[in-house]
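For reference, data.cif (mmCIF, C-alpha atoms and all ligand atoms):
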```
data_run
loop_
_atom_site.label_atom_id
_atom_site.label_comp_id
_atom_site.auth_asym_id
_atom_site.auth_seq_id
_atom_site.Cartn_x
_atom_site.Cartn_y
_atom_site.Cartn_z
CA MET A 1 0.00 0.00 0.00
CA GLN A 2 1.46 3.36 -0.96
CA THR A 3 1.91 6.27 1.46
CA LYS A 4 -0.30 8.45 -0.72
CA GLU A 5 -3.29 6.15 -0.27
CA PHE A 6 -3.06 6.55 3.50
CA LYS A 7 -2.91 10.32 3.01
CA LEU A 8 -5.99 10.26 0.78
CA ARG A 9 -7.86 8.36 3.49
CA ARG A 10 -6.83 10.87 6.17
CA ASN A 11 -7.95 13.74 3.95
CA GLU A 12 -11.27 12.04 3.25
CA LEU A 13 -11.85 11.41 6.95
CA LEU A 14 -11.09 15.02 7.84
CA LYS A 15 -13.44 16.19 5.10
CA ARG A 16 -16.22 14.02 6.53
CA LEU A 17 -15.53 15.21 10.10
CA GLY A 18 -15.82 18.84 9.05
CA PRO A 19 -14.03 21.99 10.19
CA SER A 20 -12.50 22.41 13.63
CA SER A 21 -12.42 18.64 14.26
CA VAL A 22 -9.82 16.41 15.85
CA ALA A 23 -9.65 12.64 15.49
CA ILE A 24 -7.56 10.65 17.95
CA ILE A 25 -6.66 7.09 16.95
CA PHE A 26 -4.84 4.76 19.31
CA ALA A 27 -2.51 1.97 18.21
CA ALA A 28 -3.37 -1.51 19.49
CA LYS A 29 -1.94 -2.43 22.86
CA GLU A 30 0.64 -5.18 23.23
CA CYS A 31 -0.83 -8.18 25.06
CA VAL A 32 0.92 -10.54 27.42
CA ARG A 33 0.41 -14.21 26.67
CA SER A 34 2.20 -15.59 29.71
CA GLY A 35 5.03 -14.29 31.88
CA LYS A 36 7.26 -12.18 29.68
CA VAL A 37 5.99 -13.67 26.44
CA LYS A 38 3.66 -11.51 24.40
CA TYR A 39 1.17 -12.37 21.69
CA PRO A 40 2.40 -11.43 18.22
CA TYR A 41 1.66 -7.75 17.83
CA ARG A 42 -1.07 -6.79 15.38
CA GLN A 43 -1.81 -3.14 14.71
CA ASN A 44 -5.35 -1.87 15.24
CA SER A 45 -7.10 -1.93 11.86
CA ASP A 46 -8.38 1.67 12.04
CA PHE A 47 -4.89 2.87 12.93
CA TYR A 48 -3.35 0.90 10.09
CA TYR A 49 -6.01 2.08 7.63
CA LEU A 50 -5.18 5.72 8.31
CA THR A 51 -1.41 5.58 8.80
CA GLY A 52 0.18 2.33 7.58
CA PHE A 53 2.20 2.59 10.82
CA ILE A 54 2.59 -0.72 12.63
CA GLU A 55 4.44 0.04 15.86
CA PRO A 56 2.70 -0.18 19.24
CA GLU A 57 2.62 2.77 21.69
CA SER A 58 1.55 5.19 18.98
CA ILE A 59 -1.24 7.73 18.80
CA ALA A 60 -2.31 9.42 15.57
CA VAL A 61 -4.01 12.80 15.76
CA LEU A 62 -5.75 14.30 12.74
CA ILE A 63 -6.78 17.95 12.91
CA SER A 64 -8.78 19.56 10.14
CA GLY A 65 -7.43 22.83 8.80
CA ARG A 66 -4.42 23.05 11.14
CA GLY A 67 -1.79 25.35 9.65
CA GLU A 68 1.26 23.42 10.95
CA GLY A 69 -0.12 20.22 9.43
CA GLU A 70 -3.10 17.97 9.89
CA PHE A 71 -1.38 14.66 10.77
CA ILE A 72 0.48 14.48 14.07
CA LEU A 73 1.99 11.21 15.21
CA PHE A 74 3.14 10.32 18.71
CA ASN A 75 5.40 7.29 18.58
CA ARG A 76 8.29 5.53 20.28
CA GLU A 77 11.64 7.25 20.46
CA ARG A 78 14.57 5.45 18.94
CA ASP A 79 16.65 3.57 21.51
CA CYS A 80 19.84 1.82 20.35
CA ALA A 81 19.93 -0.55 23.32
CA LYS A 82 16.37 -1.77 22.65
CA GLU A 83 16.92 -1.96 18.92
CA ILE A 84 19.69 -4.52 19.49
CA TRP A 85 17.01 -6.81 20.91
CA TYR A 86 13.89 -5.94 18.96
CA GLY A 87 15.08 -4.46 15.69
CA GLU A 88 14.54 -1.07 14.18
CA CYS A 89 12.22 1.55 15.57
CA ILE A 90 10.95 4.14 13.12
CA GLY A 91 11.36 7.18 15.38
CA GLN A 92 10.11 10.70 14.77
CA LYS A 93 12.24 11.65 11.76
CA ARG A 94 11.15 8.73 9.59
CA ALA A 95 7.56 9.04 10.81
CA CYS A 96 7.56 12.33 8.89
CA SER A 97 9.72 11.39 5.90
CA GLU A 98 8.27 7.91 5.26
CA PHE A 99 4.80 7.91 6.80
CA GLY A 100 3.73 11.42 5.90
CA ALA A 101 3.32 12.78 9.43
CA ASP A 102 3.42 16.58 9.44
CA GLN A 103 4.86 16.48 12.93
CA ALA A 104 5.99 13.57 15.10
CA PHE A 105 6.63 13.64 18.82
CA ALA A 106 7.88 11.09 21.33
CA ILE A 107 4.96 9.21 22.87
CA SER A 108 6.27 10.30 26.30
CA GLU A 109 5.33 13.89 25.34
CA VAL A 110 1.70 13.16 24.62
CA ASP A 111 0.20 14.37 27.91
CA LYS A 112 1.95 17.69 27.50
CA ILE A 113 1.27 18.31 23.81
CA LEU A 114 -2.10 16.75 23.07
CA PRO A 115 -4.19 19.04 25.33
CA GLN A 116 -2.69 22.00 23.45
CA LEU A 117 -3.77 20.42 20.18
CA LEU A 118 -7.33 19.97 21.46
CA ALA A 119 -7.74 23.48 22.81
CA GLY A 120 -9.80 25.71 20.59
CA ARG A 121 -11.26 22.89 18.44
CA ASP A 122 -14.98 22.27 18.39
CA ASN A 123 -15.24 18.49 17.91
CA VAL A 124 -13.16 15.62 19.23
CA TYR A 125 -13.69 12.14 17.78
CA PHE A 126 -12.28 8.82 18.93
CA ASN A 127 -13.39 5.22 19.41
CA VAL A 128 -15.48 5.98 22.50
CA GLY A 129 -15.96 3.08 24.91
CA PHE A 130 -13.64 0.64 23.13
CA ASP A 131 -10.96 0.65 25.82
CA HIS A 132 -11.26 2.01 29.34
CA ASP A 133 -7.65 3.28 29.37
CA PHE A 134 -8.16 5.19 26.13
CA ASP A 135 -11.40 6.73 27.45
CA GLN A 136 -9.54 7.85 30.56
CA LYS A 137 -6.68 9.34 28.58
CA VAL A 138 -8.98 11.41 26.40
CA THR A 139 -10.89 12.57 29.47
CA PHE A 140 -7.60 13.57 31.08
CA TRP A 141 -6.46 15.52 28.00
CA LEU A 142 -9.83 17.22 27.73
CA ASN A 143 -9.67 18.14 31.41
CA GLN A 144 -6.33 19.80 30.79
CA THR A 145 -8.02 22.06 28.26
CA TYR A 146 -10.57 22.92 30.96
CA SER A 147 -7.82 24.22 33.23
CA LYS A 148 -8.12 27.57 34.96
CA GLU A 149 -5.99 29.32 32.39
CA SER A 150 -8.01 28.31 29.36
CA SER A 151 -11.07 30.30 28.44
CA GLU A 152 -14.50 28.79 27.81
CA ALA A 153 -14.03 29.32 24.08
CA GLU A 154 -11.03 26.99 24.01
CA ARG A 155 -12.88 23.90 25.19
CA PRO A 156 -14.09 21.35 22.65
CA TYR A 157 -17.82 20.91 23.06
CA LEU A 158 -18.60 17.77 21.10
CA LEU A 159 -17.18 14.36 21.86
CA GLY A 160 -18.07 12.09 18.99
CA ASN A 161 -17.61 8.46 18.07
CA LEU A 162 -15.25 8.05 15.16
CA ASN A 163 -16.47 4.58 14.22
CA ASN A 164 -19.57 5.43 12.23
CA ILE A 165 -17.72 7.75 9.88
CA LEU A 166 -14.46 5.83 9.60
CA HIS A 167 -16.04 2.40 9.26
CA GLU A 168 -18.30 3.59 6.49
CA MET A 169 -15.10 4.50 4.62
CA ARG A 170 -13.56 1.08 5.29
CA LEU A 171 -16.59 -0.73 3.92
CA LYS A 172 -15.91 0.03 0.26
CA LYS A 173 -12.53 -1.20 -0.87
CA SER A 174 -10.12 0.66 -3.14
CA LYS A 175 -8.30 -0.91 -6.09
CA SER A 176 -5.15 -1.48 -4.06
CA GLU A 177 -7.11 -3.00 -1.18
CA ILE A 178 -8.85 -5.34 -3.61
CA ALA A 179 -5.48 -6.37 -5.03
CA ILE A 180 -4.27 -7.36 -1.55
CA ILE A 181 -7.51 -9.14 -0.64
CA ARG A 182 -7.22 -11.01 -3.94
CA LYS A 183 -3.74 -12.17 -2.93
CA ALA A 184 -4.99 -13.21 0.54
CA ALA A 185 -7.76 -15.18 -1.17
CA GLU A 186 -5.27 -16.80 -3.53
CA ILE A 187 -3.01 -17.97 -0.68
CA THR A 188 -6.01 -19.16 1.32
CA ALA A 189 -7.28 -21.12 -1.69
CA LYS A 190 -3.92 -22.84 -2.08
CA GLY A 191 -3.90 -23.80 1.58
CA HIS A 192 -7.37 -25.32 1.34
CA LEU A 193 -6.48 -27.18 -1.82
CA ARG A 194 -3.46 -28.68 -0.13
CA ALA A 195 -5.61 -29.78 2.83
CA ILE A 196 -8.08 -31.49 0.48
CA GLU A 197 -5.24 -33.26 -1.32
CA LYS A 198 -3.45 -34.40 1.83
CA CYS A 199 -6.42 -35.59 3.88
CA ARG A 200 -6.39 -39.32 4.81
CA PRO A 201 -8.33 -41.34 7.40
CA GLY A 202 -6.38 -41.71 10.64
CA MET A 203 -4.75 -38.30 10.47
CA TYR A 204 -5.36 -35.97 13.38
CA GLU A 205 -7.22 -32.72 12.83
CA PHE A 206 -4.04 -30.82 13.73
CA GLU A 207 -2.10 -32.68 11.06
CA LEU A 208 -4.50 -31.42 8.44
CA GLU A 209 -4.26 -27.96 9.99
CA ALA A 210 -0.47 -28.17 9.58
CA GLU A 211 -0.81 -28.86 5.84
CA LEU A 212 -2.92 -25.78 5.42
CA LEU A 213 -0.69 -23.53 7.54
CA TYR A 214 2.39 -24.82 5.77
CA GLU A 215 1.02 -23.47 2.52
CA PHE A 216 -0.08 -20.18 4.09
CA VAL A 217 3.34 -19.45 5.60
CA ARG A 218 5.25 -20.70 2.56
CA LEU A 219 3.36 -18.22 0.42
CA GLY A 220 4.03 -15.24 2.68
CA GLY A 221 0.96 -15.38 4.92
CA ARG A 222 2.50 -15.85 8.36
CA HIS A 223 -0.68 -15.03 10.25
CA GLU A 224 -4.10 -16.58 10.24
CA ALA A 225 -7.05 -14.22 9.91
CA PHE A 226 -8.67 -16.17 12.81
CA GLU A 227 -8.10 -19.45 14.60
CA THR A 228 -8.20 -22.29 12.07
CA ILE A 229 -11.05 -24.75 12.40
CA VAL A 230 -10.46 -28.38 11.41
CA ALA A 231 -13.52 -30.25 12.59
CA GLY A 232 -13.95 -33.95 11.87
CA GLY A 233 -17.38 -35.64 12.09
CA GLN A 234 -19.74 -34.14 14.61
CA ASN A 235 -17.17 -31.54 15.71
CA ALA A 236 -18.35 -29.64 12.64
CA CYS A 237 -21.62 -28.97 14.49
CA THR A 238 -19.70 -26.65 16.84
CA LEU A 239 -19.52 -23.52 14.72
CA HIS A 240 -16.24 -22.19 16.11
CA TYR A 241 -14.63 -25.52 17.04
CA SER A 242 -10.90 -24.95 17.45
CA LYS A 243 -9.49 -27.79 19.55
CA ASN A 244 -8.38 -29.58 16.37
CA ASP A 245 -7.11 -32.57 18.37
CA LYS A 246 -9.28 -35.53 17.28
CA LYS A 247 -8.58 -38.29 14.80
CA LEU A 248 -10.21 -37.96 11.38
CA LEU A 249 -12.18 -41.12 10.80
CA ASP A 250 -12.94 -43.10 7.67
CA GLY A 251 -16.56 -42.44 6.71
CA GLU A 252 -16.78 -38.98 8.32
CA LEU A 253 -16.72 -35.52 6.82
CA VAL A 254 -14.22 -32.86 7.84
CA LEU A 255 -15.01 -29.16 7.90
CA VAL A 256 -12.08 -26.78 7.40
CA ASP A 257 -12.65 -23.06 8.01
CA ALA A 258 -9.47 -21.03 7.63
CA GLY A 259 -8.05 -17.92 6.05
CA VAL A 260 -4.80 -16.09 5.87
CA GLU A 261 -4.10 -12.50 6.77
CA TYR A 262 -1.90 -11.03 4.07
CA GLN A 263 -0.53 -7.49 4.39
CA TYR A 264 -3.20 -6.89 7.04
CA TYR A 265 -6.12 -8.02 4.84
CA CYS A 266 -8.09 -11.18 5.54
CA SER A 267 -9.55 -14.08 3.68
CA ASP A 268 -12.07 -16.55 5.15
CA VAL A 269 -12.98 -19.81 3.44
CA SER A 270 -14.77 -22.99 4.52
CA ARG A 271 -14.84 -26.29 2.76
CA THR A 272 -16.28 -29.62 3.87
CA PHE A 273 -15.14 -32.89 2.34
CA PRO A 274 -15.13 -36.62 3.08
CA VAL A 275 -12.11 -37.83 5.04
CA ASN A 276 -11.82 -40.90 2.78
CA GLY A 277 -12.45 -38.99 -0.43
CA ARG A 278 -16.01 -40.26 -1.15
CA PHE A 279 -19.25 -38.69 0.07
CA ASN A 280 -21.77 -41.28 1.27
CA PRO A 281 -25.39 -40.69 0.12
CA LYS A 282 -26.50 -38.99 3.37
CA GLN A 283 -23.49 -36.69 3.45
CA ARG A 284 -23.91 -35.91 -0.21
CA ALA A 285 -27.59 -35.09 0.21
CA ILE A 286 -26.89 -32.53 2.95
CA TYR A 287 -23.80 -31.21 1.17
CA GLU A 288 -25.68 -30.56 -2.05
CA ILE A 289 -28.41 -28.60 -0.30
CA VAL A 290 -25.77 -26.32 1.20
CA LEU A 291 -23.85 -26.04 -2.06
CA ASN A 292 -26.91 -25.28 -4.19
CA ALA A 293 -28.10 -22.70 -1.69
CA GLN A 294 -24.67 -21.06 -1.52
CA VAL A 295 -24.40 -20.91 -5.32
CA GLU A 296 -27.94 -19.49 -5.49
CA VAL A 297 -27.07 -16.71 -3.04
CA ILE A 298 -23.87 -15.83 -4.90
CA LYS A 299 -25.86 -15.62 -8.15
CA GLN A 300 -27.97 -12.84 -6.62
CA VAL A 301 -24.99 -10.65 -5.68
CA ARG A 302 -24.77 -7.41 -7.65
CA PRO A 303 -24.99 -3.67 -6.97
CA GLY A 304 -28.45 -2.61 -5.83
CA VAL A 305 -29.34 -5.87 -4.06
CA LYS A 306 -30.28 -5.57 -0.41
CA TRP A 307 -28.41 -7.55 2.22
CA ASP A 308 -31.54 -9.12 3.69
CA TYR A 309 -32.56 -10.45 0.25
CA LEU A 310 -29.42 -12.61 0.28
CA GLN A 311 -30.33 -13.88 3.74
CA LEU A 312 -33.86 -14.69 2.62
CA THR A 313 -32.59 -16.45 -0.52
CA ALA A 314 -30.41 -18.67 1.68
CA GLU A 315 -33.19 -19.41 4.16
CA ARG A 316 -35.59 -20.39 1.37
CA ALA A 317 -33.07 -22.66 -0.36
CA ILE A 318 -31.97 -24.40 2.84
CA THR A 319 -35.55 -24.81 4.06
CA GLY A 320 -36.62 -26.25 0.68
CA GLY A 321 -33.79 -28.78 0.81
CA LEU A 322 -34.56 -29.80 4.39
CA ILE A 323 -38.22 -30.36 3.44
CA GLU A 324 -37.18 -32.62 0.55
CA LEU A 325 -35.09 -34.75 2.90
CA GLY A 326 -37.92 -34.95 5.43
CA LEU A 327 -35.96 -33.02 8.05
CA LEU A 328 -38.62 -30.30 8.07
CA GLU A 329 -42.32 -30.70 7.38
CA GLY A 330 -44.70 -28.08 6.09
CA GLU A 331 -45.01 -25.35 3.53
CA ARG A 332 -41.69 -23.67 2.70
CA GLU A 333 -42.65 -20.00 3.05
CA ARG A 334 -44.42 -20.61 6.35
CA LEU A 335 -41.39 -22.46 7.72
CA VAL A 336 -39.11 -19.62 6.60
CA VAL A 337 -41.31 -17.02 8.31
CA LYS A 338 -41.31 -19.15 11.49
CA GLN A 339 -37.51 -19.56 11.15
CA ASP A 340 -37.92 -23.32 11.61
CA PHE A 341 -34.59 -23.91 9.83
CA LYS A 342 -32.75 -22.35 12.80
CA PRO A 343 -31.84 -25.61 14.60
CA PHE A 344 -29.95 -26.58 11.42
CA PHE A 345 -28.78 -23.21 10.06
CA MET A 346 -28.33 -20.77 12.91
CA HIS A 347 -25.87 -18.19 11.60
CA LYS A 348 -26.10 -15.32 9.14
CA ILE A 349 -25.12 -15.76 5.52
CA GLY A 350 -21.86 -13.89 5.90
CA HIS A 351 -20.02 -10.78 6.97
CA TRP A 352 -17.95 -7.94 5.52
CA LEU A 353 -14.32 -8.84 4.92
CA GLY A 354 -11.25 -6.61 4.89
CA LEU A 355 -8.69 -5.53 7.48
CA ASP A 356 -10.71 -7.63 9.92
CA ALA A 357 -12.13 -11.08 9.16
CA HIS A 358 -15.47 -9.86 10.47
CA ASP A 359 -14.91 -6.44 9.02
CA VAL A 360 -16.46 -3.18 10.13
CA GLY A 361 -19.47 -1.56 8.49
CA GLU A 362 -23.17 -1.61 9.24
CA TYR A 363 -25.55 -4.12 7.65
CA SER A 364 -28.44 -1.72 7.87
CA VAL A 365 -28.53 2.06 7.73
CA ASP A 366 -31.36 4.15 9.25
CA ASP A 367 -33.30 0.92 9.87
CA LYS A 368 -33.07 -0.06 6.20
CA TRP A 369 -31.00 -2.98 4.97
CA ARG A 370 -27.74 -2.07 3.26
CA VAL A 371 -27.79 -2.01 -0.53
CA LEU A 372 -24.75 -3.64 -2.13
CA GLU A 373 -22.30 -1.43 -4.03
CA ALA A 374 -19.32 -2.25 -6.23
CA GLY A 375 -16.16 -2.53 -4.12
CA MET A 376 -17.78 -4.18 -1.12
CA VAL A 377 -16.26 -7.51 -0.12
CA PHE A 378 -17.99 -10.10 2.02
CA THR A 379 -18.27 -13.81 2.70
CA VAL A 380 -21.14 -16.02 1.68
CA GLU A 381 -21.15 -18.89 4.14
CA LEU A 382 -23.99 -21.31 4.37
CA GLY A 383 -24.25 -24.43 6.44
CA ILE A 384 -26.36 -27.23 7.80
CA TYR A 385 -25.39 -28.62 11.17
CA ILE A 386 -27.26 -31.63 12.51
CA SER A 387 -26.10 -31.76 16.09
CA PRO A 388 -26.36 -35.09 17.94
CA GLU A 389 -28.33 -33.06 20.52
CA ILE A 390 -31.29 -32.75 18.14
CA HIS A 391 -33.69 -35.52 19.22
CA ASP A 392 -36.79 -35.44 17.08
CA ILE A 393 -35.35 -36.44 13.70
CA ASP A 394 -34.27 -39.65 11.99
CA HIS A 395 -31.01 -40.62 13.73
CA LYS A 396 -29.27 -41.42 10.46
CA TRP A 397 -28.63 -37.68 9.95
CA LEU A 398 -27.11 -36.95 13.34
CA GLY A 399 -23.56 -35.61 13.51
CA ILE A 400 -23.38 -34.30 9.96
CA GLY A 401 -22.08 -30.73 9.73
CA VAL A 402 -21.39 -28.91 6.48
CA ARG A 403 -20.29 -25.33 5.79
CA ILE A 404 -19.24 -23.84 2.47
CA GLU A 405 -17.83 -20.30 2.47
CA ASP A 406 -16.36 -18.09 -0.23
CA ASP A 407 -15.09 -14.51 -0.42
CA ILE A 408 -17.10 -12.33 -2.79
CA LEU A 409 -16.27 -8.97 -4.38
CA VAL A 410 -19.21 -6.90 -5.63
CA THR A 411 -18.34 -5.63 -9.13
CA GLU A 412 -20.08 -3.11 -11.41
CA ASN A 413 -22.10 -5.85 -13.11
CA GLY A 414 -22.38 -8.60 -10.56
CA CYS A 415 -19.72 -10.22 -8.46
CA GLU A 416 -16.49 -12.11 -8.47
CA VAL A 417 -15.82 -15.14 -6.30
CA LEU A 418 -12.27 -14.43 -5.12
CA THR A 419 -11.84 -17.93 -3.72
CA LYS A 420 -13.22 -19.92 -6.63
CA ALA A 421 -9.91 -21.79 -6.99
CA VAL A 422 -10.94 -24.03 -4.08
CA PRO A 423 -13.12 -26.80 -5.49
CA LYS A 424 -16.59 -27.32 -4.03
CA ASP A 425 -18.41 -29.56 -6.52
CA VAL A 426 -18.77 -33.12 -5.26
CA ALA A 427 -17.25 -34.70 -8.36
CA GLU A 428 -14.34 -32.26 -8.42
CA ILE A 429 -13.50 -32.89 -4.76
CA GLU A 430 -13.68 -36.65 -5.23
CA VAL A 431 -11.37 -36.56 -8.25
CA ILE A 432 -8.76 -34.49 -6.41
CA MET A 433 -8.88 -36.76 -3.37
CA HIS A 434 -8.34 -39.88 -5.47
CA LYS A 435 -5.45 -38.60 -7.56
N1 LIG B 501 -14.32 -18.38 10.58
C1 LIG B 501 -15.25 -17.50 11.11
C2 LIG B 501 -16.30 -17.19 10.15
O1 LIG B 501 -16.45 -17.88 9.17
O2 LIG B 501 -16.99 -16.24 10.26
MN MN B 502 -16.77 -16.19 7.81
MN MN B 503 -14.97 -18.83 8.13
#
```

Please express the file's structure as structure tokens.
Ligand code: GLY
Ligand code: MN
Ligand code: MN
Amino acid sequence: MQTKEFKLRRNELLKRLGPSSVAIIFAAKECVRSGKVKYPYRQNSDFYYLTGFIEPESIAVLISGRGEGEFILFNRERDCAKEIWYGECIGQKRACSEFGADQAFAISEVDKILPQLLAGRDNVYFNVGFDHDFDQKVTFWLNQTYSKESSEAERPYLLGNLNNILHEMRLKKSKSEIAIIRKAAEITAKGHLRAIEKCRPGMYEFELEAELLYEFVRLGGRHEAFETIVAGGQNACTLHYSKNDKKLLDGELVLVDAGVEYQYYCSDVSRTFPVNGRFNPKQRAIYEIVLNAQVEVIKQVRPGVKWDYLQLTAERAITGGLIELGLLEGERERLVVKQDFKPFFMHKIGHWLGLDAHDVGEYSVDDKWRVLEAGMVFTVELGIYISPEIHDIDHKWLGIGVRIEDDILVTENGCEVLTKAVPKDVAEIEVIMHK
């Protein structure tokens, strides 16, 4: 991603915030895993979106119409002794020359300088309520502007939430974002394909996970977009199963839900296939309902279509299939209205995808469902999960869980399935598994 794209985003945000506004964006905190060991650091997506800056202990401040510059960064000071251990630190000079900050100050200076930056501005925006420490810091800085010396006129009077405005911007992806998401999807597809090829009865779920992650890392995707799910047999009925420690048995299905994060952008794909390479008739019957429904939903995706229409399309297709198999009884539309499919299909048809796997952006605006526009990216993930806990159905179906999920880009004329390289047709999967 080029520096100028980050600058365009900052300018757009400031335009949307209006005159005399300040936006404060905090970098993600570092988190301790155990003792002195930390989790791998991942920058906060909003912070990354606006700055491209990936160091912790940073605060970005954007101020509309400020003469000395609109982008002020507080970041770590360079420290040779620390850099021997942890590698380079960008410091204040490079924050300006390489990241486009108009001014950069040591993070240790923030309590002194930030209140001065707030004084005299009308509106202050940040991610209100996201983190108690951040709320307290902003309150403290605002209180400084309320000090005895400052006049009434110098105190900001509106404290606003940045999310609504910023997340609306993040919802529609630019050309360069789409190029990166495409690459994330490509790596993810290769990982899934490898898992399908390598699967054999008797392997453990984590062994299959290793095949997938091997491909991700080998192709430059060192981080998963979320915890990988490899769920054999009835484990697939737990939607976010992540133990991945059971043996994959001959005659069972395995559900793999995984995606890579590549240059901060996510992919998210699910495939379900038979451990031994052949679907049995029951598995195939359930699988084909899910597949047909998922394909039907994807066919409807184009600009102008409302989000809830996709949900309804899925509910109708799944309900129709369950009626045909005798798993539901009654008239389709009535069952859809009563949501009788819910014990088998209990999640939504998907979610926005981008810097976060469940990306930001509202699904409805002013109580009306969102209308799709070119440049939006989301998953279409449909499933049927017949938990062994369901009692009042023919027992032959129990323990079957299927999910099929692809990443979809809305284009000017329709859509593009970014993850179509991962096979999902029954015959195609069976051929690959018997090569
Ligand atoms: N893997 C989480 C999801 O599909 O939403
Ligand atoms: Mn998903
Ligand atoms: Mn998923």

Show me a table, sorted first by chain and then by increasing residue number, of the residues of chain A having an atom at most 6 Å from ligand MN 502 (chain B), each with its shortest atom pair and the distance in Å to one decimal, counting all atoms listed in the file and written as a Markdown table.
```
| residue | atom | partner | partner_atom | distance |
| --- | --- | --- | --- | --- |
| A:Asp268 | CA | B:MN502 | MN | 5.4 |
| A:Gly350 | CA | B:MN502 | MN | 5.9 |
| A:Thr379 | CA | B:MN502 | MN | 5.8 |
```

- request: Could you tell me, counting all atoms listed in the file, which protein and nucleic acid residues lie no more than 8 Å from ligand MN 503 (chain B), written as a list in words?
  value: Asp257, Ala258, Gly259, Asp268, Val269, Ser270, Glu381 and Glu405 of chain A

task: Write as an NGL selection string the residues around ligand LIG 501 (chain B), taking 12 Å as the cut-off and counting all atoms listed in the file.
output: :A and (224-230 or 238-242 or 255-260 or 266-271 or 347-353 or 356-359 or 378-383 or 403-407)

query: Which one of A:Gln92, A:Ser64, A:Gln263, A:Ser21 sits closest to A:Lys183 if you count all atoms listed in the file?
result: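 Nearest candidate to A:Lys183 out of A:Gln92, A:Ser64, A:Gln263, A:Ser21: A:Gln263.
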
message: Considering all atoms listed in the file, can you say which of A:Glu68, A:Asp392, A:Glu209, A:Glu288 comes closest to A:Lys424?
response: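 Counting all atoms listed in the file, the residue closest to A:Lys424 is A:Glu288.
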
task: For A:Phe216, list every protein, DNA or RNA residue within 10 Å, evaluated using all atoms listed in the file, and leave out those in the same chain fewer than 3 positions away; present the list as a count of residues only.
output: 22

message: Around (-31.9, -16.4, -0.6), as given in the file, which residues come within 10 Å? Count all atoms listed in the file and list them as a ChimeraX atom specification.
response: /A:293-300,307-318,349

field: Nearest to A:Ile63, chosen from A:Lys342, A:Arg121, A:Arg9, A:His132, with only C-alpha atoms counted in the distances
entry: A:Arg121

message: Show me, as a count of residues only, the residues that have an atom within 12 Å of A:Gln234 when counting all atoms listed in the file, minus same-chain residues fewer than 5 positions from it.
response: 23

Would you output stretch 335-348 of chain A from that structure, restricted to N, CA and C atoms, as a PDB file, in the first residue's frame?
```
ATOM      1  N   LEU A 335     -42.527 -22.026   6.886  1.00  0.00           N
ATOM      2  CA  LEU A 335     -41.393 -22.456   7.722  1.00  0.00           C
ATOM      3  C   LEU A 335     -40.299 -21.383   7.769  1.00  0.00           C
ATOM      4  N   VAL A 336     -40.119 -20.694   6.631  1.00  0.00           N
ATOM      5  CA  VAL A 336     -39.111 -19.617   6.596  1.00  0.00           C
ATOM      6  C   VAL A 336     -39.539 -18.493   7.539  1.00  0.00           C
ATOM      7  N   VAL A 337     -40.821 -18.108   7.442  1.00  0.00           N
ATOM      8  CA  VAL A 337     -41.312 -17.025   8.309  1.00  0.00           C
ATOM      9  C   VAL A 337     -41.144 -17.412   9.780  1.00  0.00           C
ATOM     10  N   LYS A 338     -41.435 -18.691  10.083  1.00  0.00           N
ATOM     11  CA  LYS A 338     -41.310 -19.153  11.487  1.00  0.00           C
ATOM     12  C   LYS A 338     -39.863 -19.433  11.884  1.00  0.00           C
ATOM     13  N   GLN A 339     -38.950 -19.308  10.907  1.00  0.00           N
ATOM     14  CA  GLN A 339     -37.508 -19.562  11.151  1.00  0.00           C
ATOM     15  C   GLN A 339     -37.259 -20.991  11.656  1.00  0.00           C
ATOM     16  N   ASP A 340     -38.044 -21.948  11.127  1.00  0.00           N
ATOM     17  CA  ASP A 340     -37.915 -23.324  11.607  1.00  0.00           C
ATOM     18  C   ASP A 340     -36.600 -23.996  11.181  1.00  0.00           C
ATOM     19  N   PHE A 341     -35.886 -23.359  10.271  1.00  0.00           N
ATOM     20  CA  PHE A 341     -34.588 -23.908   9.833  1.00  0.00           C
ATOM     21  C   PHE A 341     -33.500 -23.675  10.878  1.00  0.00           C
ATOM     22  N   LYS A 342     -33.783 -22.816  11.864  1.00  0.00           N
ATOM     23  CA  LYS A 342     -32.748 -22.347  12.798  1.00  0.00           C
ATOM     24  C   LYS A 342     -31.988 -23.458  13.542  1.00  0.00           C
ATOM     25  N   PRO A 343     -32.648 -24.571  13.931  1.00  0.00           N
ATOM     26  CA  PRO A 343     -31.844 -25.612  14.603  1.00  0.00           C
ATOM     27  C   PRO A 343     -30.760 -26.192  13.695  1.00  0.00           C
ATOM     28  N   PHE A 344     -30.923 -26.018  12.366  1.00  0.00           N
ATOM     29  CA  PHE A 344     -29.948 -26.577  11.418  1.00  0.00           C
ATOM     30  C   PHE A 344     -29.036 -25.520  10.811  1.00  0.00           C
ATOM     31  N   PHE A 345     -29.532 -24.307  10.701  1.00  0.00           N
ATOM     32  CA  PHE A 345     -28.776 -23.211  10.064  1.00  0.00           C
ATOM     33  C   PHE A 345     -29.006 -21.973  10.928  1.00  0.00           C
ATOM     34  N   MET A 346     -28.071 -21.765  11.858  1.00  0.00           N
ATOM     35  CA  MET A 346     -28.333 -20.769  12.906  1.00  0.00           C
ATOM     36  C   MET A 346     -27.492 -19.506  12.776  1.00  0.00           C
ATOM     37  N   HIS A 347     -26.672 -19.421  11.723  1.00  0.00           N
ATOM     38  CA  HIS A 347     -25.875 -18.192  11.599  1.00  0.00           C
ATOM     39  C   HIS A 347     -26.300 -17.388  10.376  1.00  0.00           C
ATOM     40  N   LYS A 348     -25.768 -16.189  10.286  1.00  0.00           N
ATOM     41  CA  LYS A 348     -26.100 -15.323   9.144  1.00  0.00           C
ATOM     42  C   LYS A 348     -25.352 -15.800   7.906  1.00  0.00           C
TER      43      LYS A 348
END
```
